[in-house]
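Colleague: What follows is a single structure, and I will ask about it in a moment.
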Amino acid sequence: MGKMIEGTWRSDTWIRNQQGEFRREPTTFRDPIEADDDATYRVEADRYHLYVSYACPWAHRTLIVRALMGLEDAIGVSVVHPHMLEDGWSFDTDFDGATGDRIGNRQFLRHLYSDADPNYTGRVTVPVLWDTERETIVNNESREIIRNFSTQFRELATNGVDLYPEKVRDEIDEVIDAIYEPINNGVYRSGFATTQEAYDDAVTELFEALQRWDDHLQDNRYLCGDVFTEADVCMFTTLIRFDPVYYGHFKCNIKHVYEFDNLWNYTLEIYQMPGIAETCRFDHIQSHYYYSHETINPTRIVPRGPYLDRRADHDRHRLPGGIATPSPA
Ligand SMILES: N[C@@H](CCC(=O)N[C@@H](CS)C(=O)NCC(=O)O)C(=O)O
């Protein structure tokens, strides 16, 4: 995997410590967009552009919140090619759904980072929220981008959903924190580990956490009770990738998600919410992981299975919270 060092691309960097543990670097562009006329980045339709990969769980969060809120007309999207190779994410278009750079005609995602900061040092990641007016990156941290959308972009939203409802705000933040290390990042810590011990620790922690949340979902419709929130979006993008890639490619194979009664039914419920299935591209997901990580899968063979019926009926109707749609504001 590559990264930028003082504005220059280096394709030979890796992100593990001496114990073979995967270490995720903090992101650097962390500005908010504000619903305030005097703000540097003020909320405006058609000013900001999202760069995503359909493969990436972090970028997927931003696509889901955009879709659920009905921000498609206000915020444009460019989708990178699923194969992330020597040059990092590219804007090649020879894969269905890869759009190229719709606003800048760049060749690689790293060019976006060097345009924003010619001396940029750090990883070149999706998602990126780009400001077409100031021609820079506003934010490249998914958690902050979705919070930004759900709190500041309400005036542009065409659907009145509230993914950060006042009454459970503290709980949402706690849950997002709680699932990050063992689950969202845990699958990467398992898959990218290069020592048995690092893998064992990560995979054990991952499945203990999954079991705890499966138990929680026995009596709770969603992670924060009876209301669908950002926390569920953060959990869902990991769960929906689990059986197609994390189970095999990242060796998270103690159980499939479809073997957990509550987690699987919860995943189906969210998948079947209006607008969500369109954001899930399993062709991009499987091609990206199996093709891009040569150290894990040198043959680059992309498996055909698993065949899962994600339109199957689920049992979440009987839990508090009513029908399967996010709560209106
Ligand atoms: N903290 C970031 C993480 C984003 C991230 O790691 N994205 C991955 C794709 S799943 C990426 O672009 N990796 C490229 C790299 O690290 O070189 C977020 O949540 O937005």
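Ordered as shown in the structure tokens, chains take letters A, B, and onward, while each chain numbers its residues from 1 and ligands are numbered from 1 in the order shown.
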With a distance cut-off of 9 Å and only C-alpha atoms, select the neighbouring residues of Lys251 in chain A, excluding the residue or stretch itself and same-chain residues fewer than 5 positions from it, and output the selection as a PyMOL selection string.
Modeller: chain A and resi 187+190-191+199+203+245-246
Colleague: Around ligand 1, out to 6 Å and counting only C-alpha atoms and all ligand atoms, which residues are there? I want them as number ranges by chain.
Modeller: A: 1-2, 27, 56-58, 123-127, 140-143
Colleague: Considering only C-alpha atoms, can you say which of A:Arg310, A:Lys255, A:Lys167, A:Arg66 comes closest to Phe282 in chain A?
Modeller: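 Of all the options, A:Arg310 lies closest to Phe282 in chain A.
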Colleague: Would you pick out the contacts of Leu50 in chain A at 9 Å or less, using only C-alpha atoms, so that residues sharing its chain but fewer than 4 positions from it are not included, and give the list as a list in words?
Modeller: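 Here the qualifying residues turn out to be Ala59, Thr62, Leu63, Ile75, Gly76, Val77, Ser78, Val79, Val126, Pro127, Val128, Leu129 and Trp130 of chain A.
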Colleague: Quick one: distance from CA of Thr229 in chain A to CA of Val65 in chain A in Å, one decimal?
Modeller: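 For CA of Thr229 in chain A relative to CA of Val65 in chain A, the distance reads 9.8 Å.
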